[in-house]
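As provided, input-v6.pdb (PDB, C-alpha atoms) reads as follows.
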```pdb
ATOM      1  CA  MET A1146      16.173 -22.704 -11.206
ATOM      2  CA  LEU A1147      14.516 -19.362 -10.525
ATOM      3  CA  ARG A1148      16.422 -16.676  -8.643
ATOM      4  CA  PHE A1149      15.107 -13.622  -6.812
ATOM      5  CA  VAL A1150      17.767 -10.897  -6.584
ATOM      6  CA  VAL A1151      17.455  -9.028  -3.293
ATOM      7  CA  GLY A1152      18.391  -5.403  -2.646
ATOM      8  CA  ALA A1153      18.831  -3.410   0.553
ATOM      9  CA  GLU A1154      15.253  -2.042   0.481
ATOM     10  CA  ASP A1155      13.715  -5.483   0.054
ATOM     11  CA  LEU A1156      14.465  -6.558   3.611
ATOM     12  CA  LEU A1157      12.421  -3.634   4.946
ATOM     13  CA  ARG A1158       9.469  -4.316   2.639
ATOM     14  CA  THR A1159       9.236  -8.083   3.005
ATOM     15  CA  ARG A1160       5.939  -9.049   4.615
ATOM     16  CA  PHE A1161       3.891 -12.066   5.610
ATOM     17  CA  ALA A1162       0.298 -12.962   4.815
ATOM     18  CA  LEU A1163      -2.131 -15.878   4.976
ATOM     19  CA  SER A1164      -4.230 -17.111   2.059
ATOM     20  CA  PRO A1165      -7.323 -19.070   3.107
ATOM     21  CA  VAL A1166      -8.437 -19.546  -0.490
ATOM     22  CA  PHE A1167      -5.048 -21.011  -1.459
ATOM     23  CA  GLU A1168      -5.511 -23.647   1.250
ATOM     24  CA  LEU A1169      -9.041 -24.335   0.028
ATOM     25  CA  HIS A1170      -8.004 -24.804  -3.608
ATOM     26  CA  HIS A1171      -5.248 -27.196  -2.622
ATOM     27  CA  LEU A1172      -7.560 -29.254  -0.417
ATOM     28  CA  ILE A1173     -10.249 -29.427  -3.120
ATOM     29  CA  ARG A1174      -7.716 -30.743  -5.634
ATOM     30  CA  ALA A1175      -6.470 -33.338  -3.147
ATOM     31  CA  LEU A1176     -10.020 -34.575  -2.528
ATOM     32  CA  ALA A1177     -10.897 -34.652  -6.229
ATOM     33  CA  SER A1178      -7.703 -36.343  -7.385
ATOM     34  CA  PRO A1179      -6.453 -39.905  -6.977
ATOM     35  CA  HIS A1180      -3.195 -38.308  -5.805
ATOM     36  CA  ARG A1181      -3.281 -36.934  -2.254
ATOM     37  CA  GLN A1182      -0.845 -34.078  -3.017
ATOM     38  CA  GLY A1183       0.682 -34.406   0.440
ATOM     39  CA  VAL A1184      -2.612 -34.362   2.363
ATOM     40  CA  PRO A1185      -2.703 -37.440   4.643
ATOM     41  CA  GLU A1186      -5.285 -40.092   3.890
ATOM     42  CA  SER A1187      -6.753 -39.682   7.376
ATOM     43  CA  TRP A1188      -7.673 -36.051   6.587
ATOM     44  CA  LEU A1189      -9.163 -37.010   3.245
ATOM     45  CA  ASP A1190     -11.162 -39.879   4.744
ATOM     46  CA  ARG A1191     -12.640 -37.523   7.308
ATOM     47  CA  LEU A1192     -13.596 -34.932   4.696
ATOM     48  CA  ARG A1193     -14.812 -37.126   1.825
ATOM     49  CA  PRO A1194     -18.411 -37.426   3.142
ATOM     50  CA  ARG A1195     -18.593 -33.596   3.257
ATOM     51  CA  PHE A1196     -16.986 -33.321  -0.161
ATOM     52  CA  SER A1197     -19.399 -35.687  -1.905
ATOM     53  CA  PRO A1198     -22.316 -33.183  -2.246
ATOM     54  CA  LEU A1199     -19.903 -30.546  -3.572
ATOM     55  CA  ARG A1200     -18.536 -32.979  -6.134
ATOM     56  CA  ALA A1201     -21.966 -33.187  -7.765
ATOM     57  CA  ASP A1202     -21.959 -29.437  -8.532
ATOM     58  CA  PRO A1203     -20.689 -28.650 -12.081
ATOM     59  CA  ALA A1204     -19.077 -25.512 -10.635
ATOM     60  CA  LEU A1205     -16.567 -27.758  -8.883
ATOM     61  CA  ASP A1206     -15.538 -29.199 -12.260
ATOM     62  CA  ALA A1207     -15.093 -25.596 -13.399
ATOM     63  CA  VAL A1208     -12.832 -24.844 -10.413
ATOM     64  CA  LEU A1209     -10.710 -27.892 -11.210
ATOM     65  CA  ALA A1210     -10.521 -26.929 -14.886
ATOM     66  CA  LEU A1211      -8.929 -23.592 -13.957
ATOM     67  CA  HIS A1212      -5.851 -25.376 -12.647
ATOM     68  CA  GLY A1213      -3.051 -26.729 -14.774
ATOM     69  CA  PRO A1214       0.253 -28.409 -13.960
ATOM     70  CA  GLY A1215       2.057 -25.888 -11.801
ATOM     71  CA  SER A1216      -0.375 -23.062 -12.515
ATOM     72  CA  GLY A1217      -3.869 -21.767 -11.835
ATOM     73  CA  ALA A1218      -6.146 -18.861 -12.658
ATOM     74  CA  THR A1219      -5.154 -15.906 -10.499
ATOM     75  CA  PHE A1220      -8.549 -14.185 -10.359
ATOM     76  CA  PHE A1221      -9.925 -16.828  -8.002
ATOM     77  CA  SER A1222      -6.721 -17.094  -5.981
ATOM     78  CA  PRO A1223      -5.895 -13.401  -5.416
ATOM     79  CA  PRO A1224      -2.740 -12.336  -3.555
ATOM     80  CA  PRO A1225      -3.392 -11.942   0.190
ATOM     81  CA  HIS A1226      -2.785  -8.624   1.911
ATOM     82  CA  GLY A1227      -1.978  -9.582   5.484
ATOM     83  CA  LEU A1228      -2.188 -12.013   8.375
ATOM     84  CA  GLY A1229      -5.820 -11.100   8.990
ATOM     85  CA  GLN A1230      -6.897 -12.313   5.550
ATOM     86  CA  SER A1231     -10.224 -14.175   5.634
ATOM     87  CA  ILE A1232     -12.076 -16.279   3.103
ATOM     88  CA  ASP A1233     -14.578 -13.407   2.794
ATOM     89  CA  ASP A1234     -11.716 -11.091   1.797
ATOM     90  CA  ASP A1235     -10.590 -13.585  -0.830
ATOM     91  CA  LEU A1236     -14.060 -14.031  -2.301
ATOM     92  CA  ALA A1237     -14.655 -10.273  -2.345
ATOM     93  CA  ALA A1238     -11.404  -9.783  -4.279
ATOM     94  CA  MET A1239     -12.451 -12.516  -6.669
ATOM     95  CA  ARG A1240     -15.803 -10.862  -7.356
ATOM     96  CA  ALA A1241     -14.047  -7.510  -7.873
ATOM     97  CA  ALA A1242     -11.615  -8.829 -10.479
ATOM     98  CA  PRO A1243     -11.794  -6.956 -13.821
ATOM     99  CA  PRO A1244     -14.214  -8.847 -16.105
ATOM    100  CA  ALA A1245     -11.891  -8.629 -19.115
ATOM    101  CA  ALA A1246      -9.013 -10.161 -17.143
ATOM    102  CA  VAL A1247     -11.298 -12.890 -15.810
ATOM    103  CA  ARG A1248     -12.523 -13.770 -19.291
ATOM    104  CA  ALA A1249      -8.973 -13.832 -20.667
ATOM    105  CA  GLU A1250      -7.854 -16.278 -17.977
ATOM    106  CA  ILE A1251     -10.897 -18.496 -18.420
ATOM    107  CA  ASP A1252     -10.449 -18.558 -22.207
ATOM    108  CA  PHE A1253      -6.829 -19.623 -21.704
ATOM    109  CA  TYR A1254      -7.852 -22.667 -19.673
ATOM    110  CA  LEU A1255     -10.763 -23.469 -21.988
ATOM    111  CA  ARG A1256      -8.206 -24.222 -24.709
ATOM    112  CA  ARG A1257      -7.415 -27.454 -22.924
ATOM    113  CA  PRO A1258      -9.107 -30.385 -24.674
ATOM    114  CA  ASP A1259      -9.852 -32.226 -21.418
ATOM    115  CA  VAL A1260     -12.268 -29.629 -19.967
ATOM    116  CA  PRO A1261     -15.534 -31.537 -19.238
ATOM    117  CA  PRO A1262     -18.695 -30.251 -20.933
ATOM    118  CA  ALA A1263     -20.302 -29.463 -17.558
ATOM    119  CA  ALA A1264     -17.311 -27.332 -16.558
ATOM    120  CA  ARG A1265     -17.245 -25.644 -19.968
ATOM    121  CA  ALA A1266     -20.917 -24.674 -19.565
ATOM    122  CA  VAL A1267     -20.195 -23.002 -16.213
ATOM    123  CA  LEU A1268     -17.071 -21.245 -17.487
ATOM    124  CA  THR A1269     -18.857 -19.752 -20.488
ATOM    125  CA  ALA A1270     -21.895 -18.589 -18.473
ATOM    126  CA  PRO A1271     -22.301 -14.822 -17.860
ATOM    127  CA  ASP A1272     -22.532 -15.394 -14.074
ATOM    128  CA  VAL A1273     -19.418 -17.588 -13.910
ATOM    129  CA  VAL A1274     -17.694 -15.570 -11.162
ATOM    130  CA  ASP A1275     -20.756 -15.657  -8.904
ATOM    131  CA  ARG A1276     -21.126 -19.413  -9.409
ATOM    132  CA  LEU A1277     -17.480 -20.099  -8.652
ATOM    133  CA  ALA A1278     -17.563 -17.852  -5.588
ATOM    134  CA  ALA A1279     -20.695 -19.595  -4.281
ATOM    135  CA  LEU A1280     -19.065 -22.991  -4.735
ATOM    136  CA  LEU A1281     -15.914 -21.899  -2.909
ATOM    137  CA  ALA A1282     -17.955 -20.398  -0.056
ATOM    138  CA  ALA A1283     -19.863 -23.669   0.359
ATOM    139  CA  ALA A1284     -16.630 -25.669   0.170
ATOM    140  CA  TRP A1285     -15.037 -23.501   2.850
ATOM    141  CA  THR A1286     -17.935 -24.080   5.226
ATOM    142  CA  ALA A1287     -17.963 -27.830   4.594
ATOM    143  CA  LEU A1288     -14.234 -28.571   4.440
ATOM    144  CA  LEU A1289     -12.126 -25.978   6.251
ATOM    145  CA  ALA A1290     -14.104 -23.668   8.514
ATOM    146  CA  ASP A1291     -13.933 -26.009  11.528
ATOM    147  CA  ASP A1292     -10.188 -26.632  11.243
ATOM    148  CA  TRP A1293      -9.087 -23.143  10.204
ATOM    149  CA  PRO A1294      -8.579 -21.621  13.701
ATOM    150  CA  ARG A1295      -5.870 -24.135  14.645
ATOM    151  CA  LEU A1296      -4.382 -24.177  11.145
ATOM    152  CA  ARG A1297      -4.200 -20.401  11.263
ATOM    153  CA  LEU A1298      -2.472 -20.569  14.657
ATOM    154  CA  LEU A1299       0.177 -22.846  13.176
ATOM    155  CA  CYS A1300       0.830 -20.376  10.350
ATOM    156  CA  GLU A1301       0.859 -17.348  12.666
ATOM    157  CA  ARG A1302       3.432 -19.044  14.883
ATOM    158  CA  ASP A1303       5.642 -19.622  11.880
ATOM    159  CA  VAL A1304       5.442 -15.899  11.115
ATOM    160  CA  VAL A1305       6.455 -14.990  14.677
ATOM    161  CA  HIS A1306       9.500 -17.233  14.337
ATOM    162  CA  ARG A1307      10.606 -15.952  10.934
ATOM    163  CA  VAL A1308      10.032 -12.271  11.705
ATOM    164  CA  GLY A1309      12.302 -12.715  14.713
ATOM    165  CA  GLU A1310      14.958 -14.418  12.610
ATOM    166  CA  LEU A1311      14.705 -11.802   9.862
ATOM    167  CA  GLY A1312      15.257  -8.994  12.368
ATOM    168  CA  ARG A1313      17.967 -10.853  14.262
ATOM    169  CA  ALA A1314      20.170 -12.147  11.485
ATOM    170  CA  GLY A1315      18.695 -11.227   8.108
ATOM    171  CA  TRP A1316      17.685 -13.265   5.089
ATOM    172  CA  ALA A1317      19.873 -16.301   5.656
ATOM    173  CA  ALA A1318      18.372 -16.924   9.095
ATOM    174  CA  ALA A1319      14.777 -16.231   8.007
ATOM    175  CA  LEU A1320      15.032 -18.629   5.069
ATOM    176  CA  ALA A1321      16.855 -21.351   6.994
ATOM    177  CA  GLY A1322      14.627 -24.397   7.113
ATOM    178  CA  LEU A1323      11.964 -22.745   4.957
ATOM    179  CA  HIS A1324      12.139 -25.584   2.433
ATOM    180  CA  PRO A1325      14.889 -27.697   0.795
ATOM    181  CA  LYS A1326      14.091 -25.985  -2.524
ATOM    182  CA  VAL A1327      14.749 -22.487  -1.091
ATOM    183  CA  ARG A1328      18.216 -21.214  -0.238
ATOM    184  CA  TRP A1329      19.987 -17.916   0.315
ATOM    185  CA  ARG A1330      23.109 -17.425  -1.829
ATOM    186  CA  ASP A1331      25.227 -14.371  -2.683
ATOM    187  CA  GLY A1332      22.564 -11.692  -2.191
ATOM    188  CA  GLY A1333      19.686 -13.612  -3.685
ATOM    189  CA  ILE A1334      17.187 -16.419  -3.167
ATOM    190  CA  ASP A1335      17.599 -19.554  -5.274
ATOM    191  CA  LEU A1336      14.372 -21.491  -5.899
ATOM    192  CA  LEU A1337      14.662 -25.018  -7.256
ATOM    193  CA  VAL A1338      11.418 -24.952  -9.224
ATOM    194  CA  ARG A1339      10.311 -25.542 -12.809
ATOM    195  CA  ALA A1340      10.561 -21.854 -13.767
ATOM    196  CA  ARG A1341      13.904 -20.506 -14.950
ATOM    197  CA  GLY A1342      15.609 -17.138 -14.932
ATOM    198  CA  GLU A1343      16.536 -14.280 -12.654
ATOM    199  CA  THR A1344      14.245 -11.516 -11.464
ATOM    200  CA  ALA A1345      14.903  -8.616  -9.102
ATOM    201  CA  LEU A1346      12.589  -7.752  -6.229
ATOM    202  CA  ASP A1347      13.248  -4.078  -7.170
ATOM    203  CA  GLY A1348      12.769  -2.760  -3.661
ATOM    204  CA  ASP A1349       9.236  -4.159  -3.360
ATOM    205  CA  GLY A1350      10.289  -6.908  -0.971
ATOM    206  CA  LEU A1351       9.031 -10.466  -0.885
ATOM    207  CA  LEU A1352       5.639 -11.809   0.162
ATOM    208  CA  LEU A1353       6.022 -14.903   2.352
ATOM    209  CA  VAL A1354       2.911 -17.038   2.863
ATOM    210  CA  PRO A1355       3.045 -19.932   5.344
ATOM    211  CA  SER A1356       0.688 -22.712   4.318
ATOM    212  CA  VAL A1357      -0.675 -26.009   5.578
ATOM    213  CA  PHE A1358      -1.732 -27.897   2.476
ATOM    214  CA  VAL A1359       1.119 -26.863   0.185
ATOM    215  CA  TRP A1360       3.225 -29.342   2.214
ATOM    216  CA  PRO A1361       5.534 -30.996   1.241
ATOM    217  CA  GLN A1362       6.051 -28.671  -1.767
ATOM    218  CA  ILE A1363       6.277 -24.895  -2.270
ATOM    219  CA  ALA A1364       4.537 -22.500  -4.633
ATOM    220  CA  VAL A1365       6.373 -19.557  -6.174
ATOM    221  CA  TYR A1366       4.771 -16.473  -7.744
ATOM    222  CA  ALA A1367       6.877 -14.288 -10.017
ATOM    223  CA  ASP A1368       4.201 -12.759 -12.278
ATOM    224  CA  LYS A1369       1.491 -10.154 -11.762
ATOM    225  CA  PRO A1370      -1.069  -9.693 -10.263
ATOM    226  CA  TRP A1371       0.804 -11.436  -7.444
ATOM    227  CA  PRO A1372       3.885  -9.739  -6.013
ATOM    228  CA  LYS A1373       7.010 -11.873  -5.888
ATOM    229  CA  ALA A1374       5.974 -14.507  -3.371
ATOM    230  CA  ILE A1375       6.834 -17.865  -1.854
ATOM    231  CA  VAL A1376       4.129 -20.078  -0.352
ATOM    232  CA  TYR A1377       5.872 -22.567   1.922
ATOM    233  CA  PRO A1378       4.955 -25.208   4.538
ATOM    234  CA  ALA A1379       4.566 -23.701   7.992
ATOM    235  CA  ARG A1380       6.796 -25.080  10.729
ATOM    236  CA  GLY A1381       5.221 -28.102  12.404
ATOM    237  CA  VAL A1382       2.723 -28.752   9.622
ATOM    238  CA  ALA A1383       3.981 -32.270   8.902
ATOM    239  CA  THR A1384       3.421 -33.271  12.521
ATOM    240  CA  LEU A1385      -0.047 -31.721  12.555
ATOM    241  CA  LEU A1386      -1.177 -33.389   9.334
ATOM    242  CA  GLU A1387       0.230 -36.807  10.154
ATOM    243  CA  HIS A1388      -0.578 -36.980  13.866
ATOM    244  CA  GLY A1389      -3.406 -34.497  14.386
ATOM    245  CA  PRO A1390      -3.584 -31.611  16.877
ATOM    246  CA  PRO A1391      -1.752 -31.816  20.219
ATOM    247  CA  GLN A1392      -3.545 -33.808  22.895
ATOM    248  CA  ALA A1393      -3.090 -33.347  26.619
ATOM    249  CA  PRO A1394      -1.976 -36.584  28.324
ATOM    250  CA  ALA A1395      -4.438 -37.931  30.884
ATOM    251  CA  HIS A1396      -1.985 -37.561  33.774
ATOM    252  CA  LEU A1397      -1.392 -33.903  32.894
ATOM    253  CA  SER A1398      -5.135 -33.200  32.683
ATOM    254  CA  ALA A1399      -5.616 -34.844  36.060
ATOM    255  CA  LEU A1400      -2.919 -32.621  37.556
ATOM    256  CA  LEU A1401      -3.760 -29.265  35.948
ATOM    257  CA  GLY A1402      -7.280 -29.635  34.576
ATOM    258  CA  ARG A1403      -8.069 -30.328  30.914
ATOM    259  CA  SER A1404      -7.958 -26.728  29.617
ATOM    260  CA  ARG A1405      -4.710 -25.773  31.368
ATOM    261  CA  ALA A1406      -3.098 -29.026  30.292
ATOM    262  CA  LEU A1407      -4.152 -28.447  26.682
ATOM    263  CA  LEU A1408      -2.792 -24.897  26.776
ATOM    264  CA  LEU A1409       0.516 -26.091  28.179
ATOM    265  CA  VAL A1410       0.851 -28.783  25.500
ATOM    266  CA  THR A1411      -0.018 -26.260  22.774
ATOM    267  CA  LEU A1412       2.533 -23.697  23.970
ATOM    268  CA  ALA A1413       5.613 -25.446  22.630
ATOM    269  CA  ASP A1414       5.808 -22.361  20.367
ATOM    270  CA  PRO A1415       4.739 -18.797  21.218
ATOM    271  CA  ALA A1416       1.084 -17.766  20.916
ATOM    272  CA  SER A1417      -1.115 -14.955  22.172
ATOM    273  CA  THR A1418      -4.249 -15.248  24.292
ATOM    274  CA  SER A1419      -6.559 -14.501  21.353
ATOM    275  CA  GLN A1420      -4.758 -16.968  19.060
ATOM    276  CA  LEU A1421      -5.089 -19.730  21.639
ATOM    277  CA  ALA A1422      -8.753 -18.949  22.219
ATOM    278  CA  ARG A1423      -9.532 -19.172  18.491
ATOM    279  CA  ALA A1424      -7.517 -22.329  17.960
ATOM    280  CA  LEU A1425      -8.873 -24.238  20.947
ATOM    281  CA  GLY A1426     -12.445 -22.946  20.901
ATOM    282  CA  LEU A1427     -12.214 -21.420  24.379
ATOM    283  CA  ALA A1428     -13.385 -18.062  25.700
ATOM    284  CA  THR A1429     -10.646 -15.418  25.627
ATOM    285  CA  GLY A1430     -11.242 -14.518  29.263
ATOM    286  CA  ALA A1431     -10.962 -18.138  30.358
ATOM    287  CA  VAL A1432      -7.718 -18.576  28.415
ATOM    288  CA  GLY A1433      -6.328 -15.447  30.068
ATOM    289  CA  ASP A1434      -7.208 -16.781  33.522
ATOM    290  CA  HIS A1435      -5.605 -20.164  32.809
ATOM    291  CA  LEU A1436      -2.462 -18.517  31.422
ATOM    292  CA  ALA A1437      -2.180 -16.366  34.534
ATOM    293  CA  VAL A1438      -2.174 -19.501  36.701
ATOM    294  CA  LEU A1439       0.384 -21.225  34.480
ATOM    295  CA  HIS A1440       2.545 -18.088  34.528
ATOM    296  CA  ARG A1441       2.447 -17.807  38.328
ATOM    297  CA  SER A1442       3.420 -21.473  38.486
ATOM    298  CA  ARG A1443       6.419 -20.748  36.215
ATOM    299  CA  LEU A1444       5.198 -23.215  33.616
ATOM    300  CA  VAL A1445       4.913 -20.536  30.916
ATOM    301  CA  GLU A1446       6.723 -17.278  30.275
ATOM    302  CA  ARG A1447       5.520 -14.230  28.411
ATOM    303  CA  ALA A1448       7.093 -11.542  26.271
ATOM    304  CA  ARG A1449       5.726  -8.624  24.301
ATOM    305  CA  SER A1450       5.900  -8.748  20.501
ATOM    306  CA  GLY A1451       4.581  -5.521  18.983
ATOM    307  CA  ARG A1452       1.075  -5.057  20.370
ATOM    308  CA  SER A1453       0.705  -8.670  21.448
ATOM    309  CA  VAL A1454       1.851 -10.588  24.511
ATOM    310  CA  LEU A1455       3.099 -14.038  23.534
ATOM    311  CA  TYR A1456       3.246 -17.016  25.882
ATOM    312  CA  ARG A1457       5.368 -20.134  25.595
ATOM    313  CA  ARG A1458       6.421 -22.988  27.835
ATOM    314  CA  THR A1459       9.369 -22.607  30.177
ATOM    315  CA  PRO A1460      11.919 -25.409  30.630
ATOM    316  CA  LEU A1461       9.919 -26.420  33.711
ATOM    317  CA  GLY A1462       6.780 -26.592  31.557
ATOM    318  CA  ASP A1463       8.662 -28.636  28.950
ATOM    319  CA  SER A1464       9.715 -31.105  31.647
ATOM    320  CA  LEU A1465       6.179 -31.442  32.952
ATOM    321  CA  VAL A1466       4.756 -32.084  29.476
ATOM    322  CA  GLY A1467       7.589 -34.487  28.659
TER     323      GLY A1467
END
```
Final structure tokens representation of the file:
Amino acid sequence: MLRFVVGAEDLLRTRFALSPVFELHHLIRALASPHRQGVPESWLDRLRPRFSPLRADPALDAVLALHGPGSGATFFSPPPHGLGQSIDDDLAAMRAAPPAAVRAEIDFYLRRPDVPPAARAVLTAPDVVDRLAALLAAAWTALLADDWPRLRLLCERDVVHRVGELGRAGWAAALAGLHPKVRWRDGGIDLLVRARGETALDGDGLLLVPSVFVWPQIAVYADKPWPKAIVYPARGVATLLEHGPPQAPAHLSALLGRSRALLLVTLADPASTSQLARALGLATGAVGDHLAVLHRSRLVERARSGRSVLYRRTPLGDSLVG
């Protein structure tokens, strides 16, 4: 068991972020492995035709070689800095990694006897970082770019929930339901993972990263260059992966119109106008107009959270959807 010891300053400095490249690495490994790693077969079946051309690139073998059981090279999975993190931010950080640190990490993984010759050739090339970054950029476009807006919405909603719980009732409430392997106990966070020991957050707080494809596991970072961090499954991710995105029932679409019905179904948890527009592929202005109608009809309510206005279904809206 690993334990993070929490001090008074850590609550104030705990923050949330998203990591697109973490999701991409996990999905690539699921597609390349005979083990799904929690990704449903329906998702993999849909993506395998797009993955096949990538699989022929030796750089993909190099990406896979930089992962070990419970670990991975940090230079191509840099710590995220906020909720606005994009794949371009991740790839830029990867390209900016110190060459000596990159070479040291690569040399560590090259000690493994099972590294394929094609991967070894890429990893020993002088342009290795550029080749890996190009492969990841192509993989993002092929595998995740289309789905990312709604996956991001799921993660952002989780953050809204946990920030509220953290402010309302502290660590115990924020960590409740995070994952069975995470628990709050006696001023610290117990993590039932392979690593052992006790480490203090030292006033730097904790980085919490909601994820889609880490489900049903967690990932814990306790060593630099990452801050102390927990990557955990976002709320609702199991339903999304196993059953797909919410669909508006035909009777509800007939009553409200397809877009308003879809918005109402989606608003089981709070979301802003811009989040909904990105996730559903609708114009922001159109979403705002539809939300105004739903609000006047008392099917959704709204509340300000920081600079954003968040909408969610009212009990009347729940009844109508149900």
Exercise for review: Just give me the gap between CA of Ser1356 in chain A and CA of Leu1163 in chain A in Å, one decimal is fine.
Suggested key: 7.4 Å
Near Ile1173 in chain A, counting only C-alpha atoms, which residues have an atom at most 10 Å away, once you skip same-chain residues fewer than 6 positions from it, shown as a compact mmCIF listing (two decimals) with C-alpha atoms, keeping the file's coordinate frame?
```txt
# COMPACT_ATOMS: atom_id res chain seq x y z
CA LEU A 1189 -9.16 -37.01 3.24
CA PHE A 1196 -16.99 -33.32 -0.16
CA LEU A 1199 -19.90 -30.55 -3.57
CA ARG A 1200 -18.54 -32.98 -6.13
CA LEU A 1205 -16.57 -27.76 -8.88
CA VAL A 1208 -12.83 -24.84 -10.41
CA LEU A 1209 -10.71 -27.89 -11.21
CA LEU A 1281 -15.91 -21.90 -2.91
CA ALA A 1284 -16.63 -25.67 0.17
CA TRP A 1285 -15.04 -23.50 2.85
CA LEU A 1288 -14.23 -28.57 4.44
```
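With distances restricted to only C-alpha atoms, A:Pro1198 is the closest residue to Leu1280 in chain A from A:Pro1361, A:Pro1258, A:Pro1198, A:Gly1332.
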Review point. Looking at only C-alpha atoms, which of A:Ala1399, A:Ala1413, A:Ala1210, A:Leu1157 is the one that sits closest to Ser1464 in chain A?
Key: A:Ala1413
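Separating CA of Met1146 in chain A from CA of Gly1342 in chain A is a distance of 6.7 Å.
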Check your understanding: Could you work out how far CA of Val1357 in chain A lies from CA of Cys1300 in chain A, giving the answer in Å with one decimal?
Key -> 7.5 Å
Once the PyMOL selection byres ((chain A and resi 1152) around 12) is applied to the coordinates I shared, what remains selected? I want it as a PDB file with C-alpha atoms, keeping the file's coordinate frame.
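And here's expr.pdb as it stands now:
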```pdb
ATOM      1  CA  PHE A1149      15.107 -13.622  -6.812  1.00  0.00           C
ATOM      2  CA  VAL A1150      17.767 -10.897  -6.584  1.00  0.00           C
ATOM      3  CA  VAL A1151      17.455  -9.028  -3.293  1.00  0.00           C
ATOM      4  CA  ALA A1153      18.831  -3.410   0.553  1.00  0.00           C
ATOM      5  CA  GLU A1154      15.253  -2.042   0.481  1.00  0.00           C
ATOM      6  CA  ASP A1155      13.715  -5.483   0.054  1.00  0.00           C
ATOM      7  CA  LEU A1156      14.465  -6.558   3.611  1.00  0.00           C
ATOM      8  CA  LEU A1157      12.421  -3.634   4.946  1.00  0.00           C
ATOM      9  CA  ARG A1158       9.469  -4.316   2.639  1.00  0.00           C
ATOM     10  CA  THR A1159       9.236  -8.083   3.005  1.00  0.00           C
ATOM     11  CA  TRP A1316      17.685 -13.265   5.089  1.00  0.00           C
ATOM     12  CA  ASP A1331      25.227 -14.371  -2.683  1.00  0.00           C
ATOM     13  CA  GLY A1332      22.564 -11.692  -2.191  1.00  0.00           C
ATOM     14  CA  GLY A1333      19.686 -13.612  -3.685  1.00  0.00           C
ATOM     15  CA  ILE A1334      17.187 -16.419  -3.167  1.00  0.00           C
ATOM     16  CA  THR A1344      14.245 -11.516 -11.464  1.00  0.00           C
ATOM     17  CA  ALA A1345      14.903  -8.616  -9.102  1.00  0.00           C
ATOM     18  CA  LEU A1346      12.589  -7.752  -6.229  1.00  0.00           C
ATOM     19  CA  ASP A1347      13.248  -4.078  -7.170  1.00  0.00           C
ATOM     20  CA  GLY A1348      12.769  -2.760  -3.661  1.00  0.00           C
ATOM     21  CA  ASP A1349       9.236  -4.159  -3.360  1.00  0.00           C
ATOM     22  CA  GLY A1350      10.289  -6.908  -0.971  1.00  0.00           C
ATOM     23  CA  LEU A1351       9.031 -10.466  -0.885  1.00  0.00           C
TER      24      LEU A1351
END
```
Write out N, CA and C atoms for range 1146-1157 of chain A, as a PDB file, in the frame of the given file.
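Writing done, so here's out_35.pdb:
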```pdb
ATOM      1  N   MET A1146      16.170 -23.435 -12.477  1.00  0.00           N
ATOM      2  CA  MET A1146      16.173 -22.704 -11.206  1.00  0.00           C
ATOM      3  C   MET A1146      15.738 -21.257 -11.423  1.00  0.00           C
ATOM      4  N   LEU A1147      14.924 -20.763 -10.534  1.00  0.00           N
ATOM      5  CA  LEU A1147      14.516 -19.362 -10.525  1.00  0.00           C
ATOM      6  C   LEU A1147      15.269 -18.656  -9.409  1.00  0.00           C
ATOM      7  N   ARG A1148      15.667 -17.418  -9.656  1.00  0.00           N
ATOM      8  CA  ARG A1148      16.422 -16.676  -8.643  1.00  0.00           C
ATOM      9  C   ARG A1148      15.808 -15.308  -8.441  1.00  0.00           C
ATOM     10  N   PHE A1149      15.523 -14.962  -7.185  1.00  0.00           N
ATOM     11  CA  PHE A1149      15.107 -13.622  -6.812  1.00  0.00           C
ATOM     12  C   PHE A1149      16.338 -12.856  -6.330  1.00  0.00           C
ATOM     13  N   VAL A1150      16.641 -11.747  -6.989  1.00  0.00           N
ATOM     14  CA  VAL A1150      17.767 -10.897  -6.584  1.00  0.00           C
ATOM     15  C   VAL A1150      17.263  -9.883  -5.570  1.00  0.00           C
ATOM     16  N   VAL A1151      17.930  -9.813  -4.432  1.00  0.00           N
ATOM     17  CA  VAL A1151      17.455  -9.028  -3.293  1.00  0.00           C
ATOM     18  C   VAL A1151      18.331  -7.797  -3.107  1.00  0.00           C
ATOM     19  N   GLY A1152      17.679  -6.641  -2.923  1.00  0.00           N
ATOM     20  CA  GLY A1152      18.391  -5.403  -2.646  1.00  0.00           C
ATOM     21  C   GLY A1152      18.206  -4.968  -1.195  1.00  0.00           C
ATOM     22  N   ALA A1153      18.867  -3.874  -0.840  1.00  0.00           N
ATOM     23  CA  ALA A1153      18.831  -3.410   0.553  1.00  0.00           C
ATOM     24  C   ALA A1153      17.413  -3.046   0.995  1.00  0.00           C
ATOM     25  N   GLU A1154      16.609  -2.452   0.115  1.00  0.00           N
ATOM     26  CA  GLU A1154      15.253  -2.042   0.481  1.00  0.00           C
ATOM     27  C   GLU A1154      14.308  -3.226   0.650  1.00  0.00           C
ATOM     28  N   ASP A1155      14.635  -4.348   0.044  1.00  0.00           N
ATOM     29  CA  ASP A1155      13.715  -5.483   0.054  1.00  0.00           C
ATOM     30  C   ASP A1155      13.536  -6.085   1.439  1.00  0.00           C
ATOM     31  N   LEU A1156      14.579  -6.030   2.251  1.00  0.00           N
ATOM     32  CA  LEU A1156      14.465  -6.558   3.611  1.00  0.00           C
ATOM     33  C   LEU A1156      13.400  -5.794   4.388  1.00  0.00           C
ATOM     34  N   LEU A1157      13.378  -4.465   4.212  1.00  0.00           N
ATOM     35  CA  LEU A1157      12.421  -3.634   4.946  1.00  0.00           C
ATOM     36  C   LEU A1157      10.987  -3.851   4.459  1.00  0.00           C
TER      37      LEU A1157
END
```
